[in-house]
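Here's the structure, in C-alpha cells; my notes come after.
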Amino acid sequence: MNPLSDSGQALPPAEDTAGLALPAGEDGAVADTASGPEILTFGCRLNTWESEVMRNHAQGLGETADGGSDVIIVNTCAVTGEAERQARQAIRRAHRRNPDARIVVTGCAAQIDPDRWAALPGVTRVLGNEEKLKAESWSPAAMAEPRAVSDIMAARETAAHLVTEFAGRTRAFVQVQQGCDHRCTFCIIPFGRGPSRSVPVGAVVEQVRALVRSGYREVVLTGVDMTSWGADLPGRPALGQLCRRVLRLVPELERLRLSSVDPVEIDEDVWQLLELEPRFMPYLHLSLQAGSDMILKRMKRRHLAQDAAAVVARARALRPDIGIGADVIAGFPTEDEVLFEETRRFLAEQALPYLHVFPYSERPGTPAARMRAVPVPERRARAATLRDVGAQAAARYHAGLLGHPLRVLMETPTTGHSEQFAPVRLAHGEAEVGEIVTLMPVAVDGVGLVAERI
C-alpha cells in the first residue's frame with residue numbers, strides 16, 4: 001500500500017508523506033494553535049486532513065470560561081511502534097499538564113487496539129476511524145460514551161467533508177481515497193483504515209473550489225492508497241482523470257500536487273499532466289520501500305527495482321527539473337548485508353533527493369513480524385547510511401537548480417517550497433505568508449536553497 005503514504009510505512013510523526021515538514025511538538029505530534037479543543041496529530045497527511053474535519057465538528061465542545069476547551073484530541077498513527085510510543089507519551093504529558101481535561105483518542109492505533117488506549121490516564125473516550133469523522137460523535141451527549149469503535153473492515157463508502165481551513169498551513173489537503181486492499185507484509189494500516197474506497201469526482205471538485213475561495217493557492221490530493229482511486233466508482237476512472245477534472249473545473253487553482261503514489265500504478269493521464277500541465281506540480285513521491293528485488297518480494301510489493309528505475313527515468317525525461325522523493329524501510333526482516341547493499345546502491349544510482357528513511361518497526365499481526373529480524377541497532381545504522389545517500393543526492397539536486405528561477409509558495413515570512421518541492425530560504429527580507437513569489441537560488445545550505453528576489 002502507499003504509505004504517509006499515505007501510509008503503509010513508517011513516516012516520522014512530524015512529517016507528512018510527500019515530504020512536507022509540519023510543525024512538531026516535543027512528542028513528535030503536530031499540534032494546532034487554533035480555537036476549540038487542542039488537537040495532537042501523529043502520522044500521515046490524511047490524519048492531518050482528518051484532524052481538520054474533527055476540529056470543525058468539535059468547535060465549542062467543552063468550552064471553558066476563558067474561551068478555551070477542556071477537551072484534548074489525540075489523532076494516533078499505527079505505522080510504527082515509535083509513532084505509538086510518542087502518542088502515549090503525549091497523552092501522559094497532556095494529562096499531567098491538565099489533569100481535568102477530557103482526552104479523546106482516535107486514529108489508526110486506537111482503531112486497532114481500543115482497549116489499550118482507553119486504559120491510559122486521562123482518556124475518557126476512544127473513537128474509531130469511521131466515528132471520528134461523524135459530527136454526532138462530537139455532541140455533548142456522545143462525549144459521555146467511553147467508546148465508539150465499529151468494524152472498519154465493513155466500511156464501504158467514504159463521505160466527503162468540506163474543510164476550508166487548515167490551521168497554520170499555507171497548502172491544503174483534500175482526501176480523495178481511503179483504505180487499502182493490498183497486504184504488504186510489514187503493514188498494519190489496512191486494519192486501521194479498512195478496504196479501499198474513493199471519494200466521487202464531484203465532491204472532490206467542490207472541496208477544491210471551496211479551498212481556493214478560502215485563499216489557498218496549492219492543494220494536495222491525499223489518501224491511503226492514492227493510485228487505487230476510482231477502482232470502486234462507475235467506469236473505474238483512474239487518478240489522472242480526477243486530476244484533469246479538478247484542473248479543468250477549478251481553473252483558478254494555481255497548484256495541484258499528489259501525495260505518495262505506487263510506482264506501478266501511475267496512469268497515462270498523470271504522465272501527460274506532468275509533461276504538459278504547468279499547474280500540476282513537478283514532484284513525485286514514490287512508495288518504494290526497498291531497492292532489492294528479494295526484499296521487495298518478501299514485502300509483497302507489486303514492483304521490482306527495475307520498475308521503480310523506469311518510473312524515475314520517465315519522470316526525468318518528461319521534466320528534467322522534477323523533484324522525486326521515496327519512502328524506504330531499512331533493516332526489513334531477512335535483510336542481510338548483501339541485500340542492504342542492493343538497496344544502498346540502487347538509491348545512490350537513482351539519486352533521489354527527498355528520501356524518507358526509517359528503520360523497520362515490527363507490527364504485531366503482520367507476516368513480517370514473524371520473519372527473522374535484523375537487530376535494532378543494525379536497522380538504525382542502515383537507516384543512517386541511507387539518509388546520508390539521500391542527503392548527498394539532495395545536495396547535488398539543489399546545486400543543479402542554482403541560477404534557475406523558482407516559483408516558491410511561502411510558508412513562513414522567509415521559507416517555503418518550490419514547485420519541485422525544494423525547500424527555499426530567502427537570503428534577505430521577507431515575503432507574505434501564502435504568497436507565491438519568484439526567487440533566484442544563489443546558494444545551497446544544509447537544508448535546501450538560499451534565494452534572492454528577482
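A note on labels: chains of the C-alpha cells are A, B, ... as shown, every chain counts residues from 1, and ligands are counted from 1 in their shown order.
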**Request:** Compile the contact shell of Gln392 in chain A as a PyMOL selection string: residues with an atom at most 9 Å away, counting only C-alpha atoms, same-chain residues fewer than 5 positions apart removed.
**Result:** chain A and resi 348+351+353+387+397
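Look at Arg379 in chain A: the protein and nucleic acid residues within 8 Å of it, using only C-alpha atoms and passing over chain neighbours fewer than 6 places away, are Ala330, Gly331, Phe332, Pro359 and Tyr360 of chain A.
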Can I get the selected residues back with C-alpha atoms, as a PDB file, in the first residue's frame?
ATOM      1  CA  ALA A 330      15.928  -0.062   6.404  1.00  0.00           C
ATOM      2  CA  GLY A 331      16.536  -3.364   8.146  1.00  0.00           C
ATOM      3  CA  PHE A 332      13.474  -5.252   6.942  1.00  0.00           C
ATOM      4  CA  PRO A 359      14.225   1.635  10.439  1.00  0.00           C
ATOM      5  CA  TYR A 360      11.808  -1.270  10.165  1.00  0.00           C
TER       6      TYR A 360
END
Near range 62-85 of chain A, 8 Å: range 117-221 of chain A residue rows, closest pairs, only C-alpha atoms, as a tab-separated table:
residue	atom	partner	partner_atom	distance
A:Cys187	CA	A:Val79	CA	7.1
A:Ile188	CA	A:Val79	CA	6.7
A:Ile189	CA	A:Val79	CA	6.5
A:Gly192	CA	A:Ala78	CA	7.9
Dump of C-alpha atoms for the selected residues, as a tab-separated table (two decimals), in the first residue's frame:
chain	number	residue	atom	x	y	z
A	187	CYS	CA	1.87	-3.01	7.10
A	188	ILE	CA	-0.91	-2.88	9.71
A	189	ILE	CA	-2.67	0.15	8.23
A	192	GLY	CA	-6.91	0.62	10.82
**Request:** Excluding Val442 in chain A and any residue of its chain fewer than 6 positions from it, enumerate the residues within 8 Å of it, using only C-alpha atoms, and give them as a list of chain:residue names.
**Result:** A:Leu402, A:Gly403, A:Leu449, A:Val450, A:Ala451, A:Glu452
Store the residues picked out above, limited to C-alpha atoms, as a PDB file, in the first residue's frame.
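Output (selection_7.pdb):
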ATOM      1  CA  LEU A 402      21.111  27.219  -8.880  1.00  0.00           C
ATOM      2  CA  GLY A 403      20.646  30.071 -11.307  1.00  0.00           C
ATOM      3  CA  LEU A 449      18.371  26.501  -1.311  1.00  0.00           C
ATOM      4  CA  VAL A 450      19.118  30.097  -0.385  1.00  0.00           C
ATOM      5  CA  ALA A 451      17.487  32.539  -2.798  1.00  0.00           C
ATOM      6  CA  GLU A 452      17.027  36.206  -3.573  1.00  0.00           C
TER       7      GLU A 452
END
**Item:** Selected residue, from A:Met153, A:Ala172, A:Leu339, A:Cys184, that lies nearest to Arg209 in chain A when counting only C-alpha atoms
**Value:**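 Nearest to Arg209 in chain A: A:Ala172.
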**Request:** Going by DSSP on the backbone, which bits of range 203-272 of chain A are alpha helix (DSSP H)? Write them as JSON, numbers by chain, please.
**Result:** {"A": [203, 204, 205, 206, 207, 208, 209, 210, 211, 212, 213, 239, 240, 241, 242, 243, 244, 245, 246, 247, 248, 249, 268, 269, 270, 271, 272]}
Next, write the just-selected residues to a file, as an mmCIF file, in the first residue's frame, keeping N, CA, C and O atoms as the atom set.
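Saved the output as out-v1.cif:
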data_model
loop_
_atom_site.group_PDB
_atom_site.id
_atom_site.type_symbol
_atom_site.label_atom_id
_atom_site.label_comp_id
_atom_site.auth_asym_id
_atom_site.auth_seq_id
_atom_site.Cartn_x
_atom_site.Cartn_y
_atom_site.Cartn_z
ATOM 1 N N ALA A 203 -17.545 15.600 -5.472
ATOM 2 C CA ALA A 203 -17.258 16.018 -4.104
ATOM 3 C C ALA A 203 -15.836 16.558 -3.981
ATOM 4 O O ALA A 203 -15.584 17.511 -3.231
ATOM 5 N N VAL A 204 -14.897 15.949 -4.698
ATOM 6 C CA VAL A 204 -13.512 16.447 -4.674
ATOM 7 C C VAL A 204 -13.445 17.845 -5.279
ATOM 8 O O VAL A 204 -12.815 18.754 -4.722
ATOM 9 N N VAL A 205 -14.088 18.031 -6.404
ATOM 10 C CA VAL A 205 -14.082 19.340 -7.056
ATOM 11 C C VAL A 205 -14.706 20.403 -6.151
ATOM 12 O O VAL A 205 -14.181 21.524 -6.036
ATOM 13 N N GLU A 206 -15.813 20.069 -5.508
ATOM 14 C CA GLU A 206 -16.458 21.026 -4.602
ATOM 15 C C GLU A 206 -15.506 21.429 -3.473
ATOM 16 O O GLU A 206 -15.425 22.602 -3.105
ATOM 17 N N GLN A 207 -14.795 20.450 -2.933
ATOM 18 C CA GLN A 207 -13.855 20.745 -1.856
ATOM 19 C C GLN A 207 -12.720 21.655 -2.338
ATOM 20 O O GLN A 207 -12.369 22.638 -1.683
ATOM 21 N N VAL A 208 -12.142 21.345 -3.492
ATOM 22 C CA VAL A 208 -11.053 22.158 -4.025
ATOM 23 C C VAL A 208 -11.533 23.571 -4.305
ATOM 24 O O VAL A 208 -10.856 24.562 -3.985
ATOM 25 N N ARG A 209 -12.704 23.685 -4.896
ATOM 26 C CA ARG A 209 -13.245 25.014 -5.209
ATOM 27 C C ARG A 209 -13.421 25.837 -3.933
ATOM 28 O O ARG A 209 -13.100 27.037 -3.898
ATOM 29 N N ALA A 210 -13.915 25.206 -2.871
ATOM 30 C CA ALA A 210 -14.108 25.920 -1.604
ATOM 31 C C ALA A 210 -12.775 26.359 -1.008
ATOM 32 O O ALA A 210 -12.657 27.457 -0.448
ATOM 33 N N LEU A 211 -11.755 25.526 -1.134
ATOM 34 C CA LEU A 211 -10.436 25.874 -0.602
ATOM 35 C C LEU A 211 -9.833 27.054 -1.355
ATOM 36 O O LEU A 211 -9.228 27.942 -0.751
ATOM 37 N N VAL A 212 -9.999 27.067 -2.669
ATOM 38 C CA VAL A 212 -9.482 28.179 -3.461
ATOM 39 C C VAL A 212 -10.200 29.474 -3.071
ATOM 40 O O VAL A 212 -9.573 30.535 -2.934
ATOM 41 N N ARG A 213 -11.515 29.384 -2.854
ATOM 42 C CA ARG A 213 -12.252 30.570 -2.406
ATOM 43 C C ARG A 213 -11.758 31.055 -1.052
ATOM 44 O O ARG A 213 -11.812 32.246 -0.744
ATOM 45 N N LEU A 239 -6.701 7.843 -11.425
ATOM 46 C CA LEU A 239 -6.343 9.042 -10.669
ATOM 47 C C LEU A 239 -6.072 10.233 -11.586
ATOM 48 O O LEU A 239 -6.453 11.370 -11.278
ATOM 49 N N GLY A 240 -5.396 9.992 -12.715
ATOM 50 C CA GLY A 240 -5.095 11.087 -13.624
ATOM 51 C C GLY A 240 -6.340 11.765 -14.161
ATOM 52 O O GLY A 240 -6.355 12.987 -14.399
ATOM 53 N N GLN A 241 -7.422 11.006 -14.359
ATOM 54 C CA GLN A 241 -8.671 11.595 -14.816
ATOM 55 C C GLN A 241 -9.244 12.534 -13.749
ATOM 56 O O GLN A 241 -9.794 13.591 -14.071
ATOM 57 N N LEU A 242 -9.132 12.129 -12.495
ATOM 58 C CA LEU A 242 -9.577 13.000 -11.411
ATOM 59 C C LEU A 242 -8.786 14.309 -11.430
ATOM 60 O O LEU A 242 -9.363 15.401 -11.310
ATOM 61 N N CYS A 243 -7.477 14.210 -11.595
ATOM 62 C CA CYS A 243 -6.642 15.413 -11.625
ATOM 63 C C CYS A 243 -7.036 16.325 -12.778
ATOM 64 O O CYS A 243 -7.115 17.555 -12.624
ATOM 65 N N ARG A 244 -7.290 15.741 -13.939
ATOM 66 C CA ARG A 244 -7.707 16.535 -15.090
ATOM 67 C C ARG A 244 -9.018 17.274 -14.811
ATOM 68 O O ARG A 244 -9.172 18.453 -15.145
ATOM 69 N N ARG A 245 -9.962 16.583 -14.197
ATOM 70 C CA ARG A 245 -11.257 17.193 -13.915
ATOM 71 C C ARG A 245 -11.105 18.341 -12.926
ATOM 72 O O ARG A 245 -11.721 19.399 -13.087
ATOM 73 N N VAL A 246 -10.295 18.144 -11.905
ATOM 74 C CA VAL A 246 -10.084 19.199 -10.915
ATOM 75 C C VAL A 246 -9.484 20.432 -11.585
ATOM 76 O O VAL A 246 -9.940 21.562 -11.377
ATOM 77 N N LEU A 247 -8.452 20.231 -12.390
ATOM 78 C CA LEU A 247 -7.777 21.360 -13.033
ATOM 79 C C LEU A 247 -8.692 22.069 -14.031
ATOM 80 O O LEU A 247 -8.654 23.296 -14.163
ATOM 81 N N ARG A 248 -9.536 21.308 -14.723
ATOM 82 C CA ARG A 248 -10.422 21.918 -15.702
ATOM 83 C C ARG A 248 -11.592 22.647 -15.038
ATOM 84 O O ARG A 248 -11.979 23.739 -15.465
ATOM 85 N N LEU A 249 -12.149 22.045 -13.977
ATOM 86 C CA LEU A 249 -13.348 22.606 -13.359
ATOM 87 C C LEU A 249 -13.038 23.665 -12.304
ATOM 88 O O LEU A 249 -13.934 24.391 -11.881
ATOM 89 N N GLU A 268 -1.515 6.916 -17.427
ATOM 90 C CA GLU A 268 -1.030 7.754 -18.521
ATOM 91 C C GLU A 268 -1.452 9.207 -18.389
ATOM 92 O O GLU A 268 -0.733 10.113 -18.806
ATOM 93 N N ASP A 269 -2.631 9.453 -17.823
ATOM 94 C CA ASP A 269 -3.064 10.840 -17.651
ATOM 95 C C ASP A 269 -2.156 11.579 -16.673
ATOM 96 O O ASP A 269 -1.873 12.766 -16.864
ATOM 97 N N VAL A 270 -1.699 10.904 -15.633
ATOM 98 C CA VAL A 270 -0.753 11.541 -14.712
ATOM 99 C C VAL A 270 0.536 11.889 -15.446
ATOM 100 O O VAL A 270 1.083 12.992 -15.284
ATOM 101 N N TRP A 271 1.033 10.964 -16.269
ATOM 102 C CA TRP A 271 2.262 11.243 -17.018
ATOM 103 C C TRP A 271 2.077 12.444 -17.959
ATOM 104 O O TRP A 271 2.950 13.303 -18.067
ATOM 105 N N GLN A 272 0.937 12.508 -18.630
ATOM 106 C CA GLN A 272 0.695 13.624 -19.539
ATOM 107 C C GLN A 272 0.599 14.951 -18.790
ATOM 108 O O GLN A 272 1.079 15.985 -19.267
#
**Message:** Can you pull out the residues contacting Arg183 in chain A? Cut-off 12 Å, using only C-alpha atoms, and skip same-chain residues under 6 positions away; I want them as a list in words.
**Reply:** Met1, Asn2, Gly8, Ile189, Pro190, Phe191, Gly194, Pro195, Ser196, Asp225, Arg298, Met299, Lys300, Arg301, Arg302, Gly365, Thr366, Pro367 and Ala368 of chain A
Could those residues be written to a file, using all heavy atoms, as a short mmCIF file (atom, residue, chain, number, x, y, z; two decimals), in the first residue's frame?
data_model
loop_
_atom_site.label_atom_id
_atom_site.label_comp_id
_atom_site.auth_asym_id
_atom_site.auth_seq_id
_atom_site.Cartn_x
_atom_site.Cartn_y
_atom_site.Cartn_z
N MET A 1 0.84 -1.18 0.00
CA MET A 1 0.00 0.00 0.00
C MET A 1 0.87 1.22 0.00
O MET A 1 2.06 1.16 0.24
CB MET A 1 -0.89 -0.02 1.25
CG MET A 1 -0.18 0.47 2.49
SD MET A 1 -1.26 0.46 3.88
CE MET A 1 -2.37 1.75 3.40
N ASN A 2 0.30 2.33 -0.28
CA ASN A 2 1.04 3.57 -0.24
C ASN A 2 1.11 4.10 1.17
O ASN A 2 0.12 4.25 1.83
CB ASN A 2 0.37 4.65 -1.10
CG ASN A 2 0.56 4.38 -2.55
OD1 ASN A 2 1.43 3.62 -2.92
ND2 ASN A 2 -0.25 5.00 -3.37
N GLY A 8 1.47 3.15 4.23
CA GLY A 8 1.78 1.78 4.58
C GLY A 8 3.15 1.66 5.13
O GLY A 8 3.65 0.59 5.29
N ILE A 189 -1.74 -0.94 8.48
CA ILE A 189 -2.67 0.15 8.23
C ILE A 189 -4.01 -0.30 7.62
O ILE A 189 -5.05 0.27 7.94
CB ILE A 189 -2.01 1.24 7.35
CG1 ILE A 189 -0.83 1.85 8.11
CG2 ILE A 189 -3.01 2.33 7.00
CD1 ILE A 189 -1.18 2.42 9.47
N PRO A 190 -4.07 -1.32 6.74
CA PRO A 190 -5.39 -1.74 6.24
C PRO A 190 -6.36 -2.10 7.36
O PRO A 190 -7.57 -1.93 7.21
CB PRO A 190 -5.06 -2.95 5.36
CG PRO A 190 -3.68 -2.68 4.87
CD PRO A 190 -2.98 -2.03 6.04
N PHE A 191 -5.83 -2.57 8.50
CA PHE A 191 -6.71 -2.95 9.60
C PHE A 191 -7.12 -1.75 10.44
O PHE A 191 -8.00 -1.85 11.29
CB PHE A 191 -6.00 -4.00 10.46
CG PHE A 191 -5.62 -5.22 9.66
CD1 PHE A 191 -4.34 -5.39 9.17
CD2 PHE A 191 -6.57 -6.18 9.35
CE1 PHE A 191 -3.99 -6.48 8.41
CE2 PHE A 191 -6.23 -7.29 8.58
CZ PHE A 191 -4.94 -7.43 8.11
N GLY A 194 -9.39 0.05 6.81
CA GLY A 194 -10.42 -0.69 6.10
C GLY A 194 -10.14 -0.82 4.61
O GLY A 194 -9.06 -0.49 4.13
N PRO A 195 -11.13 -1.30 3.84
CA PRO A 195 -10.94 -1.52 2.40
C PRO A 195 -10.87 -0.21 1.63
O PRO A 195 -11.31 0.84 2.11
CB PRO A 195 -12.19 -2.32 2.01
CG PRO A 195 -13.22 -1.93 3.03
CD PRO A 195 -12.47 -1.72 4.30
N SER A 196 -10.32 -0.27 0.43
CA SER A 196 -10.18 0.92 -0.40
C SER A 196 -11.54 1.42 -0.85
O SER A 196 -12.39 0.65 -1.30
CB SER A 196 -9.31 0.61 -1.62
OG SER A 196 -9.18 1.75 -2.43
N ASP A 225 -4.11 4.78 -0.24
CA ASP A 225 -3.53 4.12 -1.40
C ASP A 225 -3.98 4.90 -2.63
O ASP A 225 -4.87 4.49 -3.38
CB ASP A 225 -4.00 2.66 -1.47
CG ASP A 225 -3.38 1.88 -2.61
OD1 ASP A 225 -2.29 2.28 -3.06
OD2 ASP A 225 -3.99 0.90 -3.06
N ARG A 298 9.62 -10.12 -0.57
CA ARG A 298 9.25 -10.52 0.79
C ARG A 298 8.32 -9.51 1.43
O ARG A 298 7.57 -9.85 2.35
CB ARG A 298 10.51 -10.73 1.63
CG ARG A 298 11.28 -11.98 1.22
CD ARG A 298 12.65 -12.07 1.85
NE ARG A 298 13.35 -13.28 1.41
CZ ARG A 298 14.63 -13.52 1.62
NH1 ARG A 298 15.39 -12.63 2.27
NH2 ARG A 298 15.18 -14.64 1.19
N MET A 299 8.37 -8.28 0.98
CA MET A 299 7.42 -7.26 1.44
C MET A 299 6.05 -7.42 0.77
O MET A 299 5.09 -6.79 1.19
CB MET A 299 7.95 -5.86 1.11
CG MET A 299 9.13 -5.41 1.94
SD MET A 299 9.68 -3.76 1.36
CE MET A 299 10.78 -3.31 2.69
N LYS A 300 5.99 -8.20 -0.32
CA LYS A 300 4.80 -8.34 -1.17
C LYS A 300 4.45 -7.03 -1.83
O LYS A 300 3.28 -6.68 -1.99
CB LYS A 300 3.61 -8.91 -0.39
CG LYS A 300 3.75 -10.38 -0.02
CD LYS A 300 2.46 -10.96 0.48
CE LYS A 300 1.41 -11.08 -0.62
NZ LYS A 300 0.20 -11.81 -0.15
N ARG A 301 5.48 -6.28 -2.21
CA ARG A 301 5.25 -5.10 -3.03
C ARG A 301 4.93 -5.55 -4.46
O ARG A 301 5.25 -6.68 -4.85
CB ARG A 301 6.49 -4.19 -3.04
CG ARG A 301 6.88 -3.68 -1.67
CD ARG A 301 5.82 -2.79 -1.07
NE ARG A 301 5.70 -1.54 -1.85
CZ ARG A 301 4.66 -0.72 -1.76
NH1 ARG A 301 3.65 -1.01 -0.97
NH2 ARG A 301 4.64 0.39 -2.47
N ARG A 302 4.35 -4.67 -5.24
CA ARG A 302 3.93 -5.04 -6.60
C ARG A 302 4.92 -4.56 -7.66
O ARG A 302 4.62 -4.63 -8.86
CB ARG A 302 2.54 -4.48 -6.87
CG ARG A 302 1.45 -5.23 -6.11
CD ARG A 302 0.16 -4.47 -6.10
NE ARG A 302 0.27 -3.26 -5.31
CZ ARG A 302 -0.51 -2.20 -5.45
NH1 ARG A 302 -1.42 -2.18 -6.38
NH2 ARG A 302 -0.35 -1.15 -4.66
N GLY A 365 0.85 -8.96 14.36
CA GLY A 365 -0.25 -9.35 13.49
C GLY A 365 0.09 -9.31 12.01
O GLY A 365 -0.72 -9.75 11.19
N THR A 366 1.27 -8.79 11.66
CA THR A 366 1.67 -8.76 10.26
C THR A 366 2.64 -9.91 9.97
O THR A 366 3.38 -10.35 10.86
CB THR A 366 2.36 -7.43 9.91
OG1 THR A 366 3.54 -7.28 10.72
CG2 THR A 366 1.43 -6.24 10.15
N PRO A 367 2.66 -10.41 8.73
CA PRO A 367 3.58 -11.52 8.40
C PRO A 367 5.04 -11.18 8.66
O PRO A 367 5.82 -12.04 9.09
CB PRO A 367 3.32 -11.75 6.91
CG PRO A 367 1.92 -11.29 6.70
CD PRO A 367 1.74 -10.11 7.61
N ALA A 368 5.45 -9.94 8.41
CA ALA A 368 6.85 -9.59 8.58
C ALA A 368 7.30 -9.72 10.03
O ALA A 368 8.48 -9.98 10.30
CB ALA A 368 7.11 -8.16 8.09
#
**Prompt:** With only C-alpha atoms as the atoms that count, which of A:Arg255, A:His285, A:His303, A:Arg125 lies nearest to His356 in chain A?
**Reply:** A:His285
**Message:** Using only C-alpha atoms, which protein or nucleic acid residues come within 12 Å of Val389 in chain A? Drop anything in the same chain fewer than 6 positions from it, and give the result as number ranges by chain.
**Reply:** A: 328, 341, 343-357, 382-383, 395-396
Just C-alpha atoms for this one: save the residues we selected as a PDB file, in the first residue's frame.
ATOM      1  CA  VAL A 328      12.409   3.456   2.241  1.00  0.00           C
ATOM      2  CA  GLU A 341      23.892  -3.108  -0.307  1.00  0.00           C
ATOM      3  CA  THR A 343      19.155  -1.034  -1.803  1.00  0.00           C
ATOM      4  CA  ARG A 344      22.004   1.355  -0.979  1.00  0.00           C
ATOM      5  CA  ARG A 345      23.452   1.038  -4.483  1.00  0.00           C
ATOM      6  CA  PHE A 346      20.035   1.443  -6.096  1.00  0.00           C
ATOM      7  CA  LEU A 347      19.341   4.657  -4.189  1.00  0.00           C
ATOM      8  CA  ALA A 348      22.793   6.021  -4.951  1.00  0.00           C
ATOM      9  CA  GLU A 349      22.328   5.303  -8.670  1.00  0.00           C
ATOM     10  CA  GLN A 350      18.848   6.835  -8.794  1.00  0.00           C
ATOM     11  CA  ALA A 351      19.977   9.923  -6.823  1.00  0.00           C
ATOM     12  CA  LEU A 352      16.553  10.606  -5.311  1.00  0.00           C
ATOM     13  CA  PRO A 353      16.829  13.905  -3.421  1.00  0.00           C
ATOM     14  CA  TYR A 354      13.960  13.512  -0.974  1.00  0.00           C
ATOM     15  CA  LEU A 355      14.222  10.202   0.846  1.00  0.00           C
ATOM     16  CA  HIS A 356      12.098   9.341   3.857  1.00  0.00           C
ATOM     17  CA  VAL A 357      14.109   6.573   5.506  1.00  0.00           C
ATOM     18  CA  ARG A 382      21.493   1.141   7.947  1.00  0.00           C
ATOM     19  CA  ALA A 383      18.842   3.869   8.078  1.00  0.00           C
ATOM     20  CA  ALA A 395      22.790  18.497  -2.276  1.00  0.00           C
ATOM     21  CA  ARG A 396      23.525  17.623  -5.915  1.00  0.00           C
TER      22      ARG A 396
END
**Request:** May I ask for the distance between CA of Val374 in chain A and CA of Glu337 in chain A, given in Å to one decimal place?
**Result:**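 It comes out at 10.4 Å.
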**Request:** From a DSSP pass on the backbone, collect the residues of range 53-301 of chain A flagged as strand (DSSP E) and hand them back as a VMD selection string.
**Result:** chain A and resid 71 to 76 102 to 107 123 to 127 147 to 148 171 to 175 177 to 178 197 to 198 218 to 222 255 to 258 283 to 289
**Request:** Write out as a PyMOL selection string the residues lying within 9 Å of range 416-419 of chain A, counting only C-alpha atoms and excluding same-chain residues fewer than 3 positions away.
**Result:** chain A and resi 20+255+257+280-283+322-323+406-413+422-426+433
Expected file: the selected residues, N, CA and C atoms, as a compact mmCIF listing (two decimals), in the first residue's frame:
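As a result, selection.txt now contains:
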# COMPACT_ATOMS: atom_id res chain seq x y z
N LEU A 20 6.45 17.16 3.13
CA LEU A 20 6.16 18.49 3.66
C LEU A 20 6.42 18.50 5.15
N ARG A 255 -1.97 25.55 -8.09
CA ARG A 255 -1.04 24.43 -7.98
C ARG A 255 -1.76 23.21 -7.44
N ARG A 257 -0.98 19.15 -6.38
CA ARG A 257 0.11 18.23 -6.05
C ARG A 257 -0.47 16.91 -5.57
N PHE A 280 0.20 21.42 -12.63
CA PHE A 280 0.40 20.12 -11.99
C PHE A 280 1.87 20.05 -11.57
N MET A 281 2.11 20.01 -10.28
CA MET A 281 3.45 20.22 -9.76
C MET A 281 4.42 19.12 -10.17
N PRO A 282 5.65 19.50 -10.56
CA PRO A 282 6.68 18.55 -10.99
C PRO A 282 7.34 17.86 -9.80
N TYR A 283 6.57 17.01 -9.15
CA TYR A 283 7.09 16.29 -7.99
C TYR A 283 6.40 14.93 -7.91
N ILE A 322 12.34 17.77 -12.28
CA ILE A 322 11.38 17.21 -11.35
C ILE A 322 12.03 16.83 -10.02
N GLY A 323 11.33 17.09 -8.92
CA GLY A 323 11.75 16.62 -7.61
C GLY A 323 11.16 15.24 -7.37
N LEU A 406 12.76 30.07 -9.50
CA LEU A 406 11.83 29.13 -8.89
C LEU A 406 10.60 29.87 -8.39
N ARG A 407 9.45 29.25 -8.57
CA ARG A 407 8.20 29.78 -8.02
C ARG A 407 8.00 29.13 -6.66
N VAL A 408 8.02 29.93 -5.61
CA VAL A 408 8.05 29.42 -4.23
C VAL A 408 6.79 29.83 -3.49
N LEU A 409 6.11 28.86 -2.90
CA LEU A 409 4.98 29.13 -2.01
C LEU A 409 5.54 29.37 -0.62
N MET A 410 5.37 30.59 -0.10
CA MET A 410 5.95 30.96 1.18
C MET A 410 5.11 30.40 2.33
N GLU A 411 5.77 29.65 3.21
CA GLU A 411 5.10 29.03 4.35
C GLU A 411 5.39 29.77 5.65
N THR A 412 6.47 30.53 5.66
CA THR A 412 6.78 31.49 6.72
C THR A 412 7.26 32.75 5.99
N PRO A 413 7.51 33.84 6.71
CA PRO A 413 7.99 35.04 6.01
C PRO A 413 9.31 34.85 5.27
N ALA A 422 11.45 21.74 -3.54
CA ALA A 422 12.75 22.08 -2.96
C ALA A 422 12.52 23.11 -1.85
N PRO A 423 13.09 22.89 -0.66
CA PRO A 423 12.99 23.89 0.40
C PRO A 423 13.84 25.11 0.08
N VAL A 424 13.26 26.29 0.22
CA VAL A 424 13.93 27.53 -0.18
C VAL A 424 13.86 28.54 0.96
N ARG A 425 14.97 29.23 1.20
CA ARG A 425 15.04 30.27 2.23
C ARG A 425 15.46 31.59 1.60
N LEU A 426 14.74 32.65 1.96
CA LEU A 426 15.10 33.98 1.47
C LEU A 426 16.40 34.45 2.12
N VAL A 433 3.25 35.43 3.91
CA VAL A 433 2.93 34.01 4.03
C VAL A 433 1.74 33.69 3.12
**Ala110 in chain A environment, 12 Å, only C-alpha atoms, sequence neighbours closer than 2 positions dropped, as a PyMOL selection string** = chain A and resi 73-78+84+87-88+104-108+112-120+123+125-132+147-150+152+189+191-193
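If you look at CA of Asp232 in chain A and CA of Ile266 in chain A, they are 17.2 Å away from each other.
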**Prompt:** Looking at A:Ser260, A:Thr48, A:Ser139, A:Gln177, which one is nearest to Ala326 in chain A, with distances taken over only C-alpha atoms?
**Reply:**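 With only C-alpha atoms as the atom set, the closest residue is A:Ser260.
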